[in-house]
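Quick look at input-v1.cif (mmCIF, C-alpha atoms):
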```
data_structure
#
loop_
_atom_site.group_PDB
_atom_site.id
_atom_site.type_symbol
_atom_site.label_atom_id
_atom_site.label_comp_id
_atom_site.auth_asym_id
_atom_site.auth_seq_id
_atom_site.Cartn_x
_atom_site.Cartn_y
_atom_site.Cartn_z
ATOM 1 C CA LEU A 74 1.618 -7.824 5.894
ATOM 2 C CA ASP A 75 0.170 -4.324 5.920
ATOM 3 C CA PHE A 76 2.413 -2.041 3.855
ATOM 4 C CA GLY A 77 2.097 1.550 5.059
ATOM 5 C CA GLY A 78 -0.305 0.620 7.839
ATOM 6 C CA GLY A 79 0.431 3.637 10.014
ATOM 7 C CA LYS A 80 1.319 3.931 13.665
ATOM 8 C CA PHE A 81 -1.754 2.326 15.227
ATOM 9 C CA ASP A 82 -2.492 -1.388 15.625
ATOM 10 C CA ASP A 83 -6.289 -1.390 15.176
ATOM 11 C CA ALA A 84 -6.220 -3.449 11.957
ATOM 12 C CA LYS A 85 -3.622 -5.809 13.443
ATOM 13 C CA GLN A 86 -5.737 -6.403 16.537
ATOM 14 C CA TYR A 87 -8.866 -6.969 14.462
ATOM 15 C CA ALA A 88 -7.136 -9.443 12.115
ATOM 16 C CA GLU A 89 -5.558 -11.351 14.988
ATOM 17 C CA GLN A 90 -8.947 -11.657 16.733
ATOM 18 C CA HIS A 91 -10.056 -13.503 13.592
ATOM 19 C CA GLY A 92 -7.108 -15.895 13.539
ATOM 20 C CA PHE A 93 -4.735 -14.114 11.163
ATOM 21 C CA VAL A 94 -1.071 -13.325 11.661
ATOM 22 C CA PHE A 95 -0.934 -9.646 10.749
ATOM 23 C CA GLU A 96 2.011 -7.270 10.922
ATOM 24 C CA VAL A 97 2.427 -3.632 9.959
ATOM 25 C CA TYR A 98 5.363 -2.280 7.953
ATOM 26 C CA ASP A 99 5.588 1.489 7.722
ATOM 27 C CA PRO A 100 8.916 3.278 7.189
ATOM 28 C CA TYR A 101 7.372 6.642 8.153
ATOM 29 C CA ASN A 102 5.347 5.680 11.223
ATOM 30 C CA ARG A 103 7.237 2.722 12.738
ATOM 31 C CA THR A 104 10.767 2.442 14.073
ATOM 32 C CA GLU A 105 13.546 1.010 11.947
ATOM 33 C CA LEU A 106 13.899 -1.861 14.430
ATOM 34 C CA HIS A 107 10.172 -2.657 14.196
ATOM 35 C CA ASN A 108 10.286 -2.662 10.395
ATOM 36 C CA LEU A 109 13.397 -4.864 10.291
ATOM 37 C CA GLN A 110 11.748 -7.380 12.613
ATOM 38 C CA VAL A 111 8.571 -7.406 10.527
ATOM 39 C CA LEU A 112 10.520 -7.895 7.297
ATOM 40 C CA SER A 113 12.422 -10.854 8.753
ATOM 41 C CA ALA A 114 9.276 -13.015 8.551
ATOM 42 C CA GLU A 115 7.409 -14.527 5.609
ATOM 43 C CA TYR A 116 3.880 -13.558 4.602
ATOM 44 C CA ASP A 117 1.272 -14.965 2.253
ATOM 45 C CA VAL A 118 -0.256 -11.652 1.237
ATOM 46 C CA LEU A 119 0.600 -7.966 1.319
ATOM 47 C CA VAL A 120 -2.112 -5.336 1.697
ATOM 48 C CA CYS A 121 -1.641 -1.667 0.972
ATOM 49 C CA ASN A 122 -4.561 0.601 1.796
ATOM 50 C CA ASN A 123 -4.719 4.283 0.944
ATOM 51 C CA VAL A 124 -0.981 4.762 0.483
ATOM 52 C CA LEU A 125 -0.531 5.335 -3.263
ATOM 53 C CA ASN A 126 -3.211 8.015 -3.307
ATOM 54 C CA VAL A 127 -1.337 10.243 -0.828
ATOM 55 C CA VAL A 128 2.102 10.332 -2.449
ATOM 56 C CA THR A 129 3.279 12.839 -5.050
ATOM 57 C CA ASP A 130 4.504 12.078 -8.570
ATOM 58 C CA ASP A 131 8.153 12.303 -7.509
ATOM 59 C CA VAL A 132 7.625 9.559 -4.885
ATOM 60 C CA ILE A 133 4.971 7.173 -6.224
ATOM 61 C CA ASP A 134 7.278 5.059 -8.396
ATOM 62 C CA HIS A 135 9.654 4.647 -5.452
ATOM 63 C CA VAL A 136 6.771 3.489 -3.237
ATOM 64 C CA ILE A 137 5.670 0.989 -5.909
ATOM 65 C CA ASP A 138 9.244 -0.315 -6.090
ATOM 66 C CA ASP A 139 9.230 -0.649 -2.288
ATOM 67 C CA ILE A 140 5.999 -2.649 -2.400
ATOM 68 C CA LYS A 141 7.543 -5.042 -4.908
ATOM 69 C CA GLN A 142 10.786 -5.352 -2.926
ATOM 70 C CA VAL A 143 8.927 -6.067 0.307
ATOM 71 C CA MET A 144 6.856 -8.709 -1.475
ATOM 72 C CA LEU A 145 10.001 -10.355 -2.845
ATOM 73 C CA SER A 146 11.820 -10.286 0.488
ATOM 74 C CA THR A 147 8.894 -11.672 2.505
ATOM 75 C CA GLY A 148 7.567 -14.251 0.047
ATOM 76 C CA ALA A 149 4.224 -12.535 -0.510
ATOM 77 C CA HIS A 150 3.405 -13.250 -4.170
ATOM 78 C CA THR A 151 0.079 -11.412 -4.069
ATOM 79 C CA ALA A 152 -0.825 -7.904 -2.961
ATOM 80 C CA TYR A 153 -4.174 -6.186 -2.599
ATOM 81 C CA VAL A 154 -4.150 -2.422 -2.977
ATOM 82 C CA THR A 155 -6.873 0.127 -2.349
ATOM 83 C CA VAL A 156 -6.808 3.856 -2.984
ATOM 84 C CA TYR A 157 -9.113 6.663 -1.958
ATOM 85 C CA GLU A 158 -10.311 8.300 -5.167
ATOM 86 C CA LYS A 159 -11.766 11.457 -3.559
ATOM 87 C CA ASN A 160 -13.123 13.627 -6.423
ATOM 88 C CA ARG A 161 -11.615 11.448 -9.203
ATOM 89 C CA ASP A 162 -10.519 14.417 -11.358
ATOM 90 C CA GLY A 163 -6.867 13.311 -11.502
ATOM 91 C CA LYS A 164 -5.586 16.669 -10.280
ATOM 92 C CA GLY A 165 -3.421 16.244 -7.207
ATOM 93 C CA GLU A 166 -3.794 18.748 -4.412
ATOM 94 C CA MET A 167 -2.744 19.540 -0.880
ATOM 95 C CA THR A 168 -5.724 18.900 1.377
ATOM 96 C CA ASP A 169 -4.257 19.853 4.758
ATOM 97 C CA VAL A 170 -0.974 21.271 5.947
ATOM 98 C CA ASP A 171 0.942 18.043 5.201
ATOM 99 C CA THR A 172 -1.591 15.924 3.321
ATOM 100 C CA TYR A 173 -1.584 15.313 -0.428
ATOM 101 C CA GLN A 174 -4.351 13.624 -2.406
ATOM 102 C CA ARG A 175 -3.906 12.366 -6.001
ATOM 103 C CA ASN A 176 -7.672 12.315 -6.821
ATOM 104 C CA GLU A 177 -7.141 9.493 -9.336
ATOM 105 C CA LYS A 178 -9.518 6.696 -10.204
ATOM 106 C CA THR A 179 -8.424 3.226 -9.102
ATOM 107 C CA LYS A 180 -7.828 2.093 -12.699
ATOM 108 C CA ASP A 181 -5.534 5.084 -13.315
ATOM 109 C CA TYR A 182 -2.833 3.469 -11.152
ATOM 110 C CA CYS A 183 -2.624 0.414 -13.417
ATOM 111 C CA PRO A 184 -0.176 1.730 -16.055
ATOM 112 C CA ARG A 185 2.443 2.425 -13.361
ATOM 113 C CA LEU A 186 1.828 -0.911 -11.647
ATOM 114 C CA GLU A 187 1.898 -2.907 -14.896
ATOM 115 C CA THR A 188 5.542 -1.929 -15.431
ATOM 116 C CA LYS A 189 6.501 -3.641 -12.147
ATOM 117 C CA PHE A 190 4.161 -6.615 -11.712
ATOM 118 C CA LYS A 191 3.391 -9.683 -13.803
ATOM 119 C CA THR A 192 -0.357 -9.365 -13.295
ATOM 120 C CA VAL A 193 -2.431 -6.312 -12.357
ATOM 121 C CA THR A 194 -6.173 -6.851 -12.003
ATOM 122 C CA VAL A 195 -8.823 -4.348 -10.959
ATOM 123 C CA LYS A 196 -12.196 -5.438 -9.668
ATOM 124 C CA SER A 197 -14.397 -2.614 -8.509
ATOM 125 C CA LYS A 198 -12.034 -0.579 -6.316
ATOM 126 C CA LEU A 199 -9.576 -3.333 -5.453
ATOM 127 C CA ILE A 200 -6.256 -3.791 -7.263
ATOM 128 C CA LYS A 201 -4.691 -7.248 -7.159
ATOM 129 C CA LEU A 202 -0.968 -7.470 -7.901
ATOM 130 C CA GLU A 203 0.949 -10.674 -8.608
ATOM 131 C CA LEU A 204 4.686 -11.131 -9.034
#
```
Take the structure in the file and give it back as structure tokens.
Amino acid sequence: LDFGGGKFDDAKQYAEQHGFVFEVYDPYNRTELHNLQVLSAEYDVLVCNNVLNVVTDDVIDHVIDDIKQVMLSTGAHTAYVTVYEKNRDGKGEMTDVDTYQRNEKTKDYCPRLETKFKTVTVKSKLIKLEL
């Protein structure tokens, strides 16, 4: 399950060409009906790519809670998260008219995630979450 996968199906099509069942959940870019249908199934793994790095401080904890809730409701006990670090200075900024970038290092997300997940592991630029 791709959490926050956007409005296009490129990743879904690629994964399915390689034999995977792959669905996209995105409350901002997909219809409510689509998201409800996607959440009615079970998944082995949740992936979340470049979502946490584009949300502001007042929203990030809510998004992390949503990731956990989606994992619980769909049976996905493991999640893999990536973030775009950009300049890595930790100072959030608006980059376009409606685009925010946190500029945090991958490991800087761990303290927030550790309050919600049993295991948080970082290897290179990949965060693995386990319930």
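Distances from A:Asp75, A:Glu187, A:Asp83, A:Glu105 to Asp134 (chain A) were compared using all atoms listed in the file, and the smallest one belongs to A:Glu187.
The residue set within 12 Å of Asp169 (chain A), counting all atoms listed in the file and dropping same-chain residues fewer than 4 places from it, reads Val127, Tyr173 and Gln174 of chain A.
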- Task: For the structure provided, state which residues fall under the PyMOL selection byres ((chain A and resi 138) around 12), and present them as a ChimeraX atom specification.
- Result: /A:125,132-137,139-145,185-190
Can I get the selected residues back with C-alpha atoms, as an mmCIF file, keeping the file's coordinate frame?
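In the end it all went to out26.cif:
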```cif
data_model
loop_
_atom_site.group_PDB
_atom_site.id
_atom_site.type_symbol
_atom_site.label_atom_id
_atom_site.label_comp_id
_atom_site.auth_asym_id
_atom_site.auth_seq_id
_atom_site.Cartn_x
_atom_site.Cartn_y
_atom_site.Cartn_z
ATOM 1 C CA LEU A 125 -0.531 5.335 -3.263
ATOM 2 C CA VAL A 132 7.625 9.559 -4.885
ATOM 3 C CA ILE A 133 4.971 7.173 -6.224
ATOM 4 C CA ASP A 134 7.278 5.059 -8.396
ATOM 5 C CA HIS A 135 9.654 4.647 -5.452
ATOM 6 C CA VAL A 136 6.771 3.489 -3.237
ATOM 7 C CA ILE A 137 5.670 0.989 -5.909
ATOM 8 C CA ASP A 139 9.230 -0.649 -2.288
ATOM 9 C CA ILE A 140 5.999 -2.649 -2.400
ATOM 10 C CA LYS A 141 7.543 -5.042 -4.908
ATOM 11 C CA GLN A 142 10.786 -5.352 -2.926
ATOM 12 C CA VAL A 143 8.927 -6.067 0.307
ATOM 13 C CA MET A 144 6.856 -8.709 -1.475
ATOM 14 C CA LEU A 145 10.001 -10.355 -2.845
ATOM 15 C CA ARG A 185 2.443 2.425 -13.361
ATOM 16 C CA LEU A 186 1.828 -0.911 -11.647
ATOM 17 C CA GLU A 187 1.898 -2.907 -14.896
ATOM 18 C CA THR A 188 5.542 -1.929 -15.431
ATOM 19 C CA LYS A 189 6.501 -3.641 -12.147
ATOM 20 C CA PHE A 190 4.161 -6.615 -11.712
#
```
- Task: Excluding region 153-159 of chain A and any residue of its chain fewer than 5 positions from it, enumerate the residues within 7 Å of it, using only C-alpha atoms, and give them as a ChimeraX atom specification.
- Result: /A:119-126,176-179,198-202
Output of the above residues as a PDB file, in the coordinates of the input, restricted to C-alpha atoms:
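File written: part-v1.pdb
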```pdb
ATOM      1  CA  LEU A 119       0.600  -7.966   1.319  1.00  0.00           C
ATOM      2  CA  VAL A 120      -2.112  -5.336   1.697  1.00  0.00           C
ATOM      3  CA  CYS A 121      -1.641  -1.667   0.972  1.00  0.00           C
ATOM      4  CA  ASN A 122      -4.561   0.601   1.796  1.00  0.00           C
ATOM      5  CA  ASN A 123      -4.719   4.283   0.944  1.00  0.00           C
ATOM      6  CA  VAL A 124      -0.981   4.762   0.483  1.00  0.00           C
ATOM      7  CA  LEU A 125      -0.531   5.335  -3.263  1.00  0.00           C
ATOM      8  CA  ASN A 126      -3.211   8.015  -3.307  1.00  0.00           C
ATOM      9  CA  ASN A 176      -7.672  12.315  -6.821  1.00  0.00           C
ATOM     10  CA  GLU A 177      -7.141   9.493  -9.336  1.00  0.00           C
ATOM     11  CA  LYS A 178      -9.518   6.696 -10.204  1.00  0.00           C
ATOM     12  CA  THR A 179      -8.424   3.226  -9.102  1.00  0.00           C
ATOM     13  CA  LYS A 198     -12.034  -0.579  -6.316  1.00  0.00           C
ATOM     14  CA  LEU A 199      -9.576  -3.333  -5.453  1.00  0.00           C
ATOM     15  CA  ILE A 200      -6.256  -3.791  -7.263  1.00  0.00           C
ATOM     16  CA  LYS A 201      -4.691  -7.248  -7.159  1.00  0.00           C
ATOM     17  CA  LEU A 202      -0.968  -7.470  -7.901  1.00  0.00           C
TER      18      LEU A 202
END
```
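Note that the spacing between CA of Asp82 (chain A) and CA of Leu204 (chain A) amounts to 27.5 Å.
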- Between CA of Glu96 (chain A) and CA of Gly148 (chain A), distance in Å (one decimal): 14.1 Å
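You will find CA of Gly78 (chain A) at 22.2 Å from CA of Glu166 (chain A).
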Specify the axis-aligned box that encloses all atoms of region 125-135 of chain A listed in the file after padding of 3 Å on each side, stating its centre and edge lengths in Å to one decimal as lines of an AutoDock Vina configuration file.
```
center_x = 3.2
center_y = 8.7
center_z = -4.7
size_x = 18.9
size_y = 14.2
size_z = 13.7
```
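Nearest to Asp117 (chain A) of all the residues A:Leu74, A:Asn160, A:Glu203, A:Tyr182 is A:Leu74, based on only C-alpha atoms.
The list of residues with at least one atom within 10 Å of Gly79 (chain A), based on only C-alpha atoms and without residues fewer than 4 positions apart in the same chain, reads Asp75, Asp83, Ala84, Val97, Tyr98, Asp99, Pro100, Tyr101, Asn102, Arg103 and Val124 of chain A.
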- Item | Option closest in space to Thr104 (chain A), from A:Asp162, A:His91, A:Lys80, A:Thr194 [counting all atoms listed in the file] | A:Lys80
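Among A:Thr151, A:Thr129, A:Ser146, A:Gln90, the residue with the shortest atom-to-atom distance to Leu112 (chain A), counting only C-alpha atoms, is A:Ser146.
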